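Engineer: Enclosed is the structure file work37.txt (compact mmCIF, C-alpha atoms).
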# COMPACT_ATOMS: atom_id res chain seq x y z
CA MET Z 1 104.62 -10.69 74.03
CA ILE Z 2 106.90 -7.95 75.40
CA GLU Z 3 106.92 -4.98 73.04
CA THR Z 4 109.56 -2.22 72.73
CA PRO Z 5 108.20 0.00 69.96
CA SER Z 6 110.78 2.74 70.53
CA LEU Z 7 114.50 2.42 71.18
CA VAL Z 8 116.79 5.25 72.30
CA ASP Z 9 120.39 4.25 71.59
CA GLN Z 10 122.04 6.17 74.40
CA TYR Z 11 125.58 5.61 73.13
CA CYS Z 12 126.83 4.87 69.63
CA HIS Z 13 129.09 6.19 66.88
CA GLY Z 14 128.57 7.02 63.24
CA VAL Z 15 128.96 4.58 60.35
CA LEU Z 16 131.56 4.39 57.61
CA ARG Z 17 130.72 6.07 54.32
CA THR Z 18 133.03 3.88 52.23
CA GLU Z 19 132.60 0.53 50.47
CA LEU Z 20 134.08 -2.38 52.45
CA GLY Z 21 135.88 -5.51 51.38
CA LEU Z 22 136.08 -8.66 53.51
CA GLY Z 23 139.22 -7.63 55.39
CA THR Z 24 137.98 -4.12 56.13
CA PHE Z 25 134.58 -5.41 57.19
CA GLU Z 26 136.11 -7.93 59.58
CA ALA Z 27 138.37 -5.25 61.07
CA GLN Z 28 135.22 -3.30 61.99
CA LEU Z 29 133.29 -6.37 63.10
CA ALA Z 30 135.49 -7.04 66.12
CA ARG Z 31 137.89 -4.52 67.60
CA THR Z 32 141.14 -6.48 67.88
CA GLU Z 33 144.82 -5.54 67.84
CA GLY Z 34 145.39 -7.23 64.51
CA PRO Z 35 143.84 -9.35 61.77
CA PRO Z 36 142.32 -12.75 62.58
CA ALA Z 37 144.71 -15.64 62.96
CA SER Z 38 145.63 -17.46 59.78
CA GLY Z 39 142.87 -19.84 58.74
CA THR Z 40 140.25 -18.18 60.93
CA THR Z 41 137.65 -15.48 60.48
CA LEU Z 42 136.07 -12.93 62.81
CA PHE Z 43 132.71 -13.95 61.39
CA ASP Z 44 133.15 -17.03 63.59
CA THR Z 45 132.27 -15.06 66.73
CA GLN Z 46 129.03 -14.37 68.58
CA THR Z 47 128.92 -10.95 66.91
CA GLY Z 48 129.64 -12.39 63.47
CA PHE Z 49 126.91 -15.01 63.79
CA ALA Z 50 124.46 -12.35 65.00
CA VAL Z 51 125.23 -10.20 61.94
CA ARG Z 52 124.51 -13.18 59.68
CA ARG Z 53 121.27 -13.87 61.56
CA TRP Z 54 119.73 -10.40 61.63
CA CYS Z 55 121.18 -8.36 58.76
CA PRO Z 56 120.78 -10.37 55.51
CA PRO Z 57 116.93 -10.15 55.50
CA LEU Z 58 117.18 -6.36 55.56
CA LEU Z 59 119.18 -6.55 52.31
CA GLY Z 60 116.91 -9.12 50.66
CA LEU Z 61 118.82 -12.28 51.59
CA GLU Z 62 118.05 -15.30 53.75
CA PRO Z 63 119.24 -15.37 57.38
CA HIS Z 64 122.62 -17.00 58.01
CA CYS Z 65 123.77 -16.65 54.40
CA PRO Z 66 127.53 -17.00 53.83
CA PRO Z 67 129.64 -13.87 54.52
CA ALA Z 68 130.86 -13.67 50.92
CA ARG Z 69 127.31 -13.60 49.59
CA TYR Z 70 126.25 -11.02 52.14
CA LEU Z 71 129.16 -8.70 51.33
CA ALA Z 72 128.55 -9.09 47.59
CA ARG Z 73 124.95 -7.97 48.10
CA ARG Z 74 126.16 -5.09 50.24
CA ARG Z 75 128.49 -3.91 47.46
CA GLU Z 76 125.72 -4.35 44.89
CA LEU Z 77 123.47 -1.96 46.84
CA GLY Z 78 126.27 0.48 47.65
CA ALA Z 79 127.36 1.73 51.07
CA PHE Z 80 124.69 4.43 51.29
CA GLU Z 81 121.69 2.30 50.35
CA ALA Z 82 122.83 -0.68 52.42
CA GLY Z 83 123.38 1.60 55.41
CA ARG Z 84 119.98 3.22 54.94
CA ARG Z 85 118.19 -0.13 54.84
CA LEU Z 86 120.06 -1.47 57.83
CA LEU Z 87 119.61 1.59 60.04
CA ARG Z 88 115.92 1.86 59.21
CA GLY Z 89 115.51 -1.81 60.01
CA SER Z 90 117.07 -1.48 63.45
CA GLY Z 91 113.99 -0.02 65.13
CA ILE Z 92 116.07 2.72 66.76
CA THR Z 93 114.19 6.02 66.89
CA THR Z 94 116.85 8.20 68.56
CA TYR Z 95 120.63 8.02 68.36
CA LEU Z 96 122.96 9.70 70.86
CA VAL Z 97 126.20 9.88 68.88
CA ASP Z 98 129.75 10.12 70.21
CA THR Z 99 131.42 12.34 67.62
CA GLY Z 100 134.93 11.56 68.79
CA PRO Z 101 136.48 8.59 66.95
CA PRO Z 102 138.70 9.48 64.00
CA GLY Z 103 137.83 8.20 60.55
CA ASP Z 104 135.27 8.71 57.85
CA LEU Z 105 132.24 8.29 60.10
CA THR Z 106 128.85 9.93 59.72
CA GLY Z 107 127.82 12.60 62.20
CA PRO Z 108 124.52 12.89 64.07
CA ASP Z 109 122.67 14.63 61.23
CA GLU Z 110 123.72 12.02 58.66
CA ILE Z 111 122.84 9.02 60.80
CA ALA Z 112 119.49 10.61 61.64
CA SER Z 113 118.71 11.13 57.96
CA ALA Z 114 119.83 7.66 56.91
CA GLY Z 115 117.99 5.99 59.77
CA GLY Z 116 114.81 8.04 59.58
CA ALA Z 117 115.35 8.90 63.23
CA GLU Z 118 116.44 11.67 65.56
CA ALA Z 119 120.03 12.15 66.70
CA ARG Z 120 121.88 14.23 69.28
CA GLU Z 121 125.56 14.76 70.00
CA ILE Z 122 127.70 13.36 72.80
CA VAL Z 123 130.97 15.30 73.23
CA PRO Z 124 134.13 13.28 74.01
CA LEU Z 125 136.13 15.14 76.66
CA GLU Z 126 139.61 13.93 75.77
CA LEU Z 127 139.23 14.73 72.07
CA LEU Z 128 137.88 18.16 72.96
CA ALA Z 129 140.99 18.85 75.06
CA GLU Z 130 143.30 17.59 72.30
CA GLN Z 131 141.64 19.83 69.73
CA VAL Z 132 141.99 22.82 72.05
CA ALA Z 133 145.66 21.99 72.66
CA ASP Z 134 146.35 21.96 68.91
CA THR Z 135 145.30 25.61 68.69
CA SER Z 136 146.59 26.96 72.02
CA GLY Z 137 150.15 28.22 72.29
CA THR Z 138 150.51 28.58 76.07
CA VAL Z 139 149.33 26.85 79.21
CA GLU Z 140 147.15 29.82 80.14
CA ALA Z 141 145.57 29.92 76.68
CA PHE Z 142 144.99 26.16 76.73
CA LEU Z 143 143.22 26.19 80.09
CA ALA Z 144 141.13 29.24 79.23
CA ASN Z 145 140.19 27.86 75.82
CA LEU Z 146 139.39 24.46 77.34
CA ALA Z 147 137.01 26.00 79.86
CA GLU Z 148 135.31 27.92 77.07
CA ALA Z 149 135.09 24.80 74.88
CA VAL Z 150 133.49 22.74 77.64
CA HIS Z 151 130.99 25.52 78.32
CA GLY Z 152 130.18 25.83 74.61
CA ALA Z 153 129.76 22.08 74.19
CA ALA Z 154 127.39 21.92 77.15
CA ALA Z 155 125.10 24.37 75.36
CA HIS Z 156 124.32 21.98 72.49
CA ALA Z 157 125.27 18.43 73.51
CA VAL Z 158 123.18 16.00 75.58
CA ALA Z 159 126.15 14.51 77.44
CA PHE Z 160 129.91 14.34 77.84
CA THR Z 161 131.78 11.06 77.58
CA SER Z 162 135.22 10.10 78.86
CA VAL Z 163 137.70 7.36 78.03
CA ALA Z 164 139.82 8.04 81.11
CA GLY Z 165 139.55 4.35 81.95
CA VAL Z 166 140.97 3.41 78.56
CA ARG Z 167 143.72 6.04 78.62
CA HIS Z 168 144.86 5.60 82.23
CA GLY Z 169 142.54 3.34 84.22
CA LEU Z 170 139.60 4.13 86.47
CA ALA Z 171 141.63 4.20 89.71
CA LEU Z 172 142.02 7.98 89.57
CA ALA Z 173 142.16 10.16 92.68
CA PRO Z 174 138.52 11.10 93.28
CA GLU Z 175 138.89 14.76 94.23
CA PRO Z 176 139.28 17.61 91.71
CA PRO Z 177 142.93 18.64 91.20
CA GLY Z 178 144.01 22.06 92.41
CA PRO Z 179 144.80 24.95 90.01
CA GLY Z 180 148.54 24.55 90.52
CA GLU Z 181 148.38 20.83 89.77
CA VAL Z 182 146.40 21.46 86.61
CA ARG Z 183 148.77 24.17 85.34
CA GLY Z 184 151.79 21.98 86.02
CA ALA Z 185 150.29 18.95 84.30
CA ALA Z 186 149.15 21.04 81.34
CA GLY Z 187 152.63 22.51 80.95
CA ARG Z 188 154.27 19.09 80.97
CA TRP Z 189 151.76 17.61 78.54
CA LEU Z 190 151.86 20.52 76.09
CA SER Z 191 155.65 20.61 76.01
CA ALA Z 192 155.96 16.84 75.50
CA ARG Z 193 153.17 16.16 73.01
CA ARG Z 194 153.08 16.42 69.28
CA VAL Z 195 150.04 17.69 67.38
CA GLY Z 196 147.41 14.97 67.56
CA GLY Z 197 148.96 13.31 70.64
CA GLU Z 198 146.53 11.62 73.02
CA LEU Z 199 145.83 12.94 76.49
CA SER Z 200 146.55 10.38 79.20
CA ASP Z 201 147.86 12.53 82.08
CA PRO Z 202 145.84 11.55 85.19
CA VAL Z 203 145.70 15.11 86.54
CA LEU Z 204 144.29 16.48 83.30
CA LEU Z 205 141.88 13.57 83.02
CA ARG Z 206 140.55 14.38 86.49
CA HIS Z 207 140.32 18.05 85.54
CA LEU Z 208 138.21 17.12 82.52
CA LEU Z 209 135.92 14.88 84.56
CA TRP Z 210 135.27 17.59 87.12
CA SER Z 211 134.77 20.19 84.40
CA ALA Z 212 132.06 17.96 82.98
CA VAL Z 213 130.51 17.47 86.42
CA ALA Z 214 130.36 21.24 86.85
CA SER Z 215 128.44 21.55 83.56
CA GLY Z 216 125.49 19.58 84.91
CA LEU Z 217 125.22 17.39 81.80
CA PRO Z 218 125.25 13.60 82.24
CA LEU Z 219 128.77 12.18 82.19
CA GLN Z 220 129.32 8.81 80.48
CA LEU Z 221 132.30 6.80 81.71
CA HIS Z 222 133.70 3.91 79.71
CA ALA Z 223 134.23 0.81 81.83
CA GLY Z 224 134.91 -2.86 81.22
CA LEU Z 225 136.12 -4.24 77.92
CA GLY Z 226 136.02 -1.77 75.06
CA ALA Z 227 138.90 -0.92 72.77
CA PRO Z 228 141.77 -3.42 72.68
CA GLY Z 229 144.86 -2.50 74.66
CA PRO Z 230 143.92 -1.46 78.20
CA ARG Z 231 144.17 -4.06 80.94
CA ALA Z 232 140.69 -5.17 81.95
CA ASP Z 233 141.47 -4.96 85.67
CA ARG Z 234 141.98 -1.19 85.30
CA THR Z 235 138.52 -0.68 83.83
CA ASP Z 236 136.41 -2.34 86.53
CA PRO Z 237 133.70 0.23 87.44
CA VAL Z 238 134.15 -0.59 91.14
CA LEU Z 239 137.34 1.49 90.91
CA LEU Z 240 135.09 4.54 90.43
CA THR Z 241 133.41 4.16 93.83
CA ASP Z 242 135.26 7.03 95.50
CA PHE Z 243 134.64 9.34 92.53
CA VAL Z 244 130.98 8.36 92.58
CA ARG Z 245 130.76 9.27 96.27
CA ALA Z 246 132.56 12.57 95.65
CA THR Z 247 130.07 13.58 92.95
CA ALA Z 248 126.92 12.60 94.86
CA GLY Z 249 124.46 15.43 95.30
CA LEU Z 250 126.10 17.74 92.75
CA GLY Z 251 123.34 17.38 90.15
CA THR Z 252 125.28 15.41 87.52
CA ASP Z 253 124.28 11.88 86.56
CA LEU Z 254 127.02 9.32 85.86
CA VAL Z 255 126.35 6.66 83.21
CA LEU Z 256 128.60 3.58 83.28
CA LEU Z 257 129.02 2.45 79.67
CA HIS Z 258 129.62 -1.11 78.49
CA GLY Z 259 130.69 -2.65 81.83
CA TYR Z 260 131.13 -6.21 80.56
CA PRO Z 261 132.51 -8.44 82.07
CA TYR Z 262 131.97 -6.27 85.16
CA HIS Z 263 128.33 -5.54 84.32
CA ARG Z 264 127.19 -6.76 87.76
CA HIS Z 265 129.56 -4.26 89.38
CA ALA Z 266 128.08 -1.46 87.28
CA ALA Z 267 124.58 -2.62 88.18
CA HIS Z 268 125.53 -2.63 91.87
CA LEU Z 269 126.76 0.97 91.70
CA ALA Z 270 123.56 1.98 89.92
CA GLY Z 271 121.59 0.41 92.75
CA ALA Z 272 123.68 1.98 95.51
CA PHE Z 273 123.92 5.58 94.28
CA PRO Z 274 120.99 7.72 93.08
CA HIS Z 275 123.01 9.51 90.38
CA VAL Z 276 124.55 6.39 88.77
CA TYR Z 277 123.08 4.55 85.78
CA ALA Z 278 124.13 1.30 84.09
CA ASP Z 279 124.33 0.57 80.37
CA SER Z 280 122.69 -2.69 79.31
CA GLY Z 281 123.20 -2.81 75.59
CA ALA Z 282 126.79 -2.85 74.38
CA ALA Z 283 127.63 -6.05 76.28
CA LEU Z 284 124.90 -7.84 74.35
CA LEU Z 285 126.60 -7.05 71.05
CA ARG Z 286 129.66 -9.04 72.15
CA THR Z 287 127.78 -11.98 73.62
CA GLY Z 288 125.27 -12.71 70.86
CA ALA Z 289 123.26 -15.84 71.62
CA ARG Z 290 124.15 -15.45 75.31
CA ALA Z 291 122.73 -11.93 75.48
CA ALA Z 292 119.68 -12.89 77.57
CA THR Z 293 121.95 -14.26 80.31
CA ILE Z 294 123.93 -11.01 80.50
CA LEU Z 295 120.81 -8.85 80.54
CA ALA Z 296 119.26 -10.97 83.30
CA GLU Z 297 122.40 -10.47 85.41
CA ILE Z 298 122.14 -6.68 85.04
CA LEU Z 299 118.48 -6.85 86.02
CA GLU Z 300 119.45 -8.76 89.18
CA LEU Z 301 120.97 -5.70 90.86
CA ALA Z 302 120.16 -2.42 89.15
CA PRO Z 303 116.80 -0.71 89.76
CA PHE Z 304 114.79 -0.86 86.57
CA GLY Z 305 114.67 2.93 86.29
CA LYS Z 306 118.48 3.04 86.28
CA ILE Z 307 119.21 0.80 83.25
CA LEU Z 308 119.73 2.25 79.76
CA PHE Z 309 119.93 0.64 76.33
CA SER Z 310 122.75 1.28 73.87
CA THR Z 311 124.38 -0.49 70.97
CA GLY Z 312 127.86 1.01 71.35
CA ALA Z 313 128.02 0.45 67.57
CA ARG Z 314 130.79 2.01 65.51
CA GLY Z 315 131.65 1.88 61.83
CA LEU Z 316 129.21 -0.78 60.61
CA PRO Z 317 125.46 -0.12 60.46
CA GLU Z 318 125.16 -3.87 60.96
CA LEU Z 319 126.26 -3.36 64.57
CA HIS Z 320 123.40 -0.95 65.20
CA VAL Z 321 121.02 -3.60 63.85
CA VAL Z 322 122.54 -6.44 65.86
CA GLY Z 323 122.68 -4.39 69.06
CA ALA Z 324 119.02 -3.46 68.78
CA ARG Z 325 117.76 -6.90 67.72
CA LEU Z 326 119.74 -8.74 70.41
CA PHE Z 327 118.46 -6.32 73.04
CA ARG Z 328 114.84 -6.75 72.00
CA GLU Z 329 115.13 -10.52 71.82
CA ALA Z 330 116.97 -10.81 75.14
CA LEU Z 331 114.57 -8.48 76.93
CA GLY Z 332 111.56 -10.36 75.60
CA ARG Z 333 113.06 -13.70 76.57
CA VAL Z 334 114.03 -12.66 80.11
CA LEU Z 335 110.90 -10.72 81.02
CA GLY Z 336 108.64 -13.18 79.20
CA ALA Z 337 110.05 -16.05 81.25
CA TRP Z 338 109.41 -14.19 84.49
CA VAL Z 339 105.84 -13.49 83.41
CA ALA Z 340 105.33 -17.14 82.46
CA GLU Z 341 106.62 -18.20 85.87
CA GLY Z 342 104.17 -15.86 87.59
CA ALA Z 343 106.98 -13.82 89.16
CA TRP Z 344 106.00 -10.70 87.20
CA SER Z 345 102.73 -9.45 85.79
CA LEU Z 346 102.58 -8.79 82.06
CA ALA Z 347 101.76 -5.13 82.75
CA ASP Z 348 104.87 -4.70 84.91
CA ALA Z 349 107.05 -6.46 82.35
CA GLN Z 350 105.78 -4.20 79.59
CA ARG Z 351 106.34 -1.09 81.73
CA VAL Z 352 109.93 -2.09 82.60
CA ALA Z 353 110.66 -2.88 78.94
CA GLY Z 354 109.59 0.64 78.01
CA LEU Z 355 111.76 2.14 80.74
CA VAL Z 356 114.94 0.34 79.71
CA ALA Z 357 114.36 0.67 75.97
CA ALA Z 358 113.72 4.41 75.85
CA GLU Z 359 112.04 6.18 78.76
CA ASN Z 360 115.01 6.12 81.14
CA ALA Z 361 117.25 7.63 78.47
CA ARG Z 362 114.71 10.31 77.63
CA ARG Z 363 114.58 11.31 81.29
CA VAL Z 364 118.34 11.24 81.96
CA TYR Z 365 119.30 13.16 78.80
CA GLY Z 366 116.35 15.54 78.78
CA LEU Z 367 115.01 14.31 75.44
CA GLU Z 368 111.35 14.95 76.21
Translate the structure described by the file into structure tokens.
Structural biologist:
Amino acid sequence: MIETPSLVDQYCHGVLRTELGLGTFEAQLARTEGPPASGTTLFDTQTGFAVRRWCPPLLGLEPHCPPARYLARRRELGAFEAGRRLLRGSGITTYLVDTGPPGDLTGPDEIASAGGAEAREIVPLELLAEQVADTSGTVEAFLANLAEAVHGAAAHAVAFTSVAGVRHGLALAPEPPGPGEVRGAAGRWLSARRVGGELSDPVLLRHLLWSAVASGLPLQLHAGLGAPGPRADRTDPVLLTDFVRATAGLGTDLVLLHGYPYHRHAAHLAGAFPHVYADSGAALLRTGARAATILAEILELAPFGKILFSTGARGLPELHVVGARLFREALGRVLGAWVAEGAWSLADAQRVAGLVAAENARRVYGLE
């Protein structure tokens, strides 16, 4: 029996505070560019089946109960109580929360209280820059305020995160842009944008990445399939190789989030570079019953001290539950099989489980 008594979710979001109907629930269940096709349901996915397997017992229902019955029970309990039961049933003891996505999502303090856990903040770089731009009238003020905001965030957050791969693609020039380049790009972006407009200029994205590197905090980089929209070939973590080389030896760890379907590429980079780490969790949420296969592929290449667990959950507390349960089950299945085959000792399997589940994250993010 492989035990993981403590889980550190090294990347997630808050949960919705509002009551959810079937359509709203499905919209959160799978991040698509529209509703499900006529006559179909997003419950008929690996993620949907995993929700029906793991979440109903936490609300007093039998596993695999119909979606309508599950949602009726959820409404009967209310969003707060259902969320509390689900989060406390996940087994997650520490949440690292990206506070960036818009919407009525709980912050770190709320998710910690509801889940009976600890929580720390991850600061999203692009949103930070957009917020600064909304209150800065000139290029000079924007750049000065941005530098101050990054410095201030580094004083309280455990990490920065970037969606440069989603906004532009990961094939960015690896070196930091010069001051003239940054001023020019900032001027063009500020003059063209409206309040609330997203930052996608490649020069400013590079400036943000290097500002985060200079802070010394771990920098999380979204790779692979995440939000709908970006072309998958632009989010392959291999495209970061030159940036990874350029940041080697500077004291900042890079954490490659998600990765799937390029999780082997992320694992390879984690094995090749001392300051690179690979996320093992969020891909499992998408793959459900196939999660053990994906986790085994990550364990093929990445050193065991370089793999971190996360759920990547957003909006639904059910996704925190499913991410944690799938991870535990997949890890037990993979490592247990290797122990049964005689390839690993039980003691080594238990030690590696503890590293991936929590200890690696505690070390990387300074949570001790």
Engineer: Between atom CA of Ala212 of chain Z and atom CA of Glu148 of chain Z, what is the spacing in Å?
Structural biologist: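 Atom-to-atom, atom CA of Glu148 of chain Z and atom CA of Ala212 of chain Z are spaced 12.0 Å apart.
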Engineer: Let me make sure I understand: among Z:Arg120, Z:Arg264, Z:Arg188, Z:Arg290, which one has the smallest atom-to-atom distance to Gly224 of chain Z if we use all atoms listed in the file?
Structural biologist: Z:Arg264
Engineer: Which residue gives the smallest distance to Asp104 of chain Z among Z:Ala353, Z:Leu16, Z:Ala337, Z:Leu7, with all atoms listed in the file counted?
Structural biologist: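 Nearest candidate to Asp104 of chain Z out of Z:Ala353, Z:Leu16, Z:Ala337, Z:Leu7: Z:Leu16.
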Engineer: Return as AutoDock Vina command-line options the box centre and box size in Å, one decimal, for an axis-aligned box around all listed atoms of segment 355-367 of chain Z padded by 8 Å per side.
Structural biologist:
--center_x 115.5 --center_y 7.9 --center_z 78.7 --size_x 23.5 --size_y 31.2 --size_z 22.5
Engineer: Within 9 Å of Gln220 of chain Z, counting all atoms listed in the file, which residues show up once you throw out same-chain ones fewer than 4 positions away? Write them as a short mmCIF file (atom, residue, chain, number, x, y, z; two decimals) with C-alpha atoms, keeping the file's coordinate frame, please.
Structural biologist:
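Writing the result to part27.cif gives the following:
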data_model
loop_
_atom_site.label_atom_id
_atom_site.label_comp_id
_atom_site.auth_asym_id
_atom_site.auth_seq_id
_atom_site.Cartn_x
_atom_site.Cartn_y
_atom_site.Cartn_z
CA TYR Z 11 125.58 5.61 73.13
CA ALA Z 159 126.15 14.51 77.44
CA PHE Z 160 129.91 14.34 77.84
CA THR Z 161 131.78 11.06 77.58
CA SER Z 162 135.22 10.10 78.86
CA VAL Z 163 137.70 7.36 78.03
CA ASP Z 253 124.28 11.88 86.56
CA LEU Z 254 127.02 9.32 85.86
CA VAL Z 255 126.35 6.66 83.21
CA LEU Z 256 128.60 3.58 83.28
CA LEU Z 257 129.02 2.45 79.67
#
Engineer: Residues within 7 Å of Gly165 of chain Z, please, as an MDAnalysis selection string. Count all atoms listed in the file; anything in the same chain fewer than 6 positions from it doesn't count.
Structural biologist: chainID Z and resid 222:223 234:235
Engineer: Which residue is closest to Pro57 of chain Z? Choose from Z:Gly89, Z:Pro176, Z:Gly107, Z:Pro261 and count all atoms listed in the file.
Structural biologist: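 Of all the options, Z:Gly89 lies closest to Pro57 of chain Z.
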Engineer: Using all atoms listed in the file, which of Z:Glu118, Z:Glu318, Z:Asp279, Z:Glu198 sits nearest Ile92 of chain Z?
Structural biologist: Z:Glu118
Engineer: So the first atom is atom CA of Gly288 of chain Z and the second is atom CA of Phe43 of chain Z; what is the distance between them in Å, to one decimal place?
Structural biologist: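 Straight-line distance from atom CA of Gly288 of chain Z to atom CA of Phe43 of chain Z works out to 12.1 Å.
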Engineer: Record the distance separating atom CA of Thr293 of chain Z and atom CA of Ala266 of chain Z, expressed in Å with one decimal.
Structural biologist: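 Between these atoms lies a distance of 15.8 Å.
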Engineer: With distances taken over only C-alpha atoms, which of Z:Ala270, Z:Leu128, Z:Leu209, Z:Leu225 is nearest to Val166 of chain Z?
Structural biologist: Z:Leu225
Engineer: Applying 7 Å and all atoms listed in the file, which residues near Gly281 of chain Z remain after dropping the ones on its own chain fewer than 2 positions away? List them as a PyMOL selection string.
Structural biologist: chain Z and resi 279+283-284+309-311+323+327
Engineer: Just want the 10 Å neighbourhood of His151 of chain Z, counted on all atoms listed in the file, with same-chain residues fewer than 6 positions away dropped. Output as a VMD selection string.
Structural biologist: chain Z and resid 145 211 to 212 214 to 215
Engineer: Out of Z:Gly152, Z:Leu269, Z:Ala164, Z:Tyr70, which residue has the shortest atom-to-atom distance to Trp54 of chain Z when counting all atoms listed in the file?
Structural biologist: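 Selected residue with least distance to Trp54 of chain Z: Z:Tyr70.
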Engineer: Quick one: which segment 15-61 of chain Z residues come within 8 Å of segment 74-81 of chain Z, and what is the nearest atom pair for each with the distance in Å to one decimal, counting only C-alpha atoms, rows ordered by chain and ascending number, as JSON lines?
Structural biologist:
{"residue": "Z:Arg17", "atom": "CA", "partner": "Z:Ala79", "partner_atom": "CA", "distance": 6.4}
{"residue": "Z:Thr18", "atom": "CA", "partner": "Z:Ala79", "partner_atom": "CA", "distance": 6.2}
{"residue": "Z:Glu19", "atom": "CA", "partner": "Z:Ala79", "partner_atom": "CA", "distance": 5.4}
{"residue": "Z:Leu20", "atom": "CA", "partner": "Z:Arg75", "partner_atom": "CA", "distance": 7.6}
{"residue": "Z:Leu59", "atom": "CA", "partner": "Z:Arg74", "partner_atom": "CA", "distance": 7.4}
Engineer: Excluding same-chain residues fewer than 6 positions from Thr287 of chain Z, what lies within 9 Å of it counting only C-alpha atoms, as an NGL selection string?
Structural biologist: :Z and (45-47 or 294)
Engineer: Got time to write the residues from that selection, C-alpha atoms, as a PDB file, in the coordinates of the input?
Structural biologist:
ATOM      1  CA  THR Z  45     132.270 -15.060  66.730  1.00  0.00           C
ATOM      2  CA  GLN Z  46     129.030 -14.370  68.580  1.00  0.00           C
ATOM      3  CA  THR Z  47     128.920 -10.950  66.910  1.00  0.00           C
ATOM      4  CA  ILE Z 294     123.930 -11.010  80.500  1.00  0.00           C
TER       5      ILE Z 294
END
Engineer: Counting only C-alpha atoms, find the residues whose atoms lie at most 12 Å from (114.4, -3.1, 64.8) (file coordinates) and write them out as an mmCIF file with C-alpha atoms, in the frame of the given file.
Structural biologist:
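In the end it all went to selection02.cif:
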data_model
loop_
_atom_site.group_PDB
_atom_site.id
_atom_site.type_symbol
_atom_site.label_atom_id
_atom_site.label_comp_id
_atom_site.auth_asym_id
_atom_site.auth_seq_id
_atom_site.Cartn_x
_atom_site.Cartn_y
_atom_site.Cartn_z
ATOM 1 C CA GLU Z 3 106.920 -4.980 73.040
ATOM 2 C CA THR Z 4 109.560 -2.220 72.730
ATOM 3 C CA PRO Z 5 108.200 0.000 69.960
ATOM 4 C CA SER Z 6 110.780 2.740 70.530
ATOM 5 C CA LEU Z 7 114.500 2.420 71.180
ATOM 6 C CA VAL Z 8 116.790 5.250 72.300
ATOM 7 C CA ASP Z 9 120.390 4.250 71.590
ATOM 8 C CA TRP Z 54 119.730 -10.400 61.630
ATOM 9 C CA CYS Z 55 121.180 -8.360 58.760
ATOM 10 C CA PRO Z 57 116.930 -10.150 55.500
ATOM 11 C CA LEU Z 58 117.180 -6.360 55.560
ATOM 12 C CA ARG Z 85 118.190 -0.130 54.840
ATOM 13 C CA LEU Z 86 120.060 -1.470 57.830
ATOM 14 C CA LEU Z 87 119.610 1.590 60.040
ATOM 15 C CA ARG Z 88 115.920 1.860 59.210
ATOM 16 C CA GLY Z 89 115.510 -1.810 60.010
ATOM 17 C CA SER Z 90 117.070 -1.480 63.450
ATOM 18 C CA GLY Z 91 113.990 -0.020 65.130
ATOM 19 C CA ILE Z 92 116.070 2.720 66.760
ATOM 20 C CA THR Z 93 114.190 6.020 66.890
ATOM 21 C CA GLY Z 115 117.990 5.990 59.770
ATOM 22 C CA GLU Z 318 125.160 -3.870 60.960
ATOM 23 C CA LEU Z 319 126.260 -3.360 64.570
ATOM 24 C CA HIS Z 320 123.400 -0.950 65.200
ATOM 25 C CA VAL Z 321 121.020 -3.600 63.850
ATOM 26 C CA VAL Z 322 122.540 -6.440 65.860
ATOM 27 C CA GLY Z 323 122.680 -4.390 69.060
ATOM 28 C CA ALA Z 324 119.020 -3.460 68.780
ATOM 29 C CA ARG Z 325 117.760 -6.900 67.720
ATOM 30 C CA LEU Z 326 119.740 -8.740 70.410
ATOM 31 C CA PHE Z 327 118.460 -6.320 73.040
ATOM 32 C CA ARG Z 328 114.840 -6.750 72.000
ATOM 33 C CA GLU Z 329 115.130 -10.520 71.820
ATOM 34 C CA ALA Z 357 114.360 0.670 75.970
#
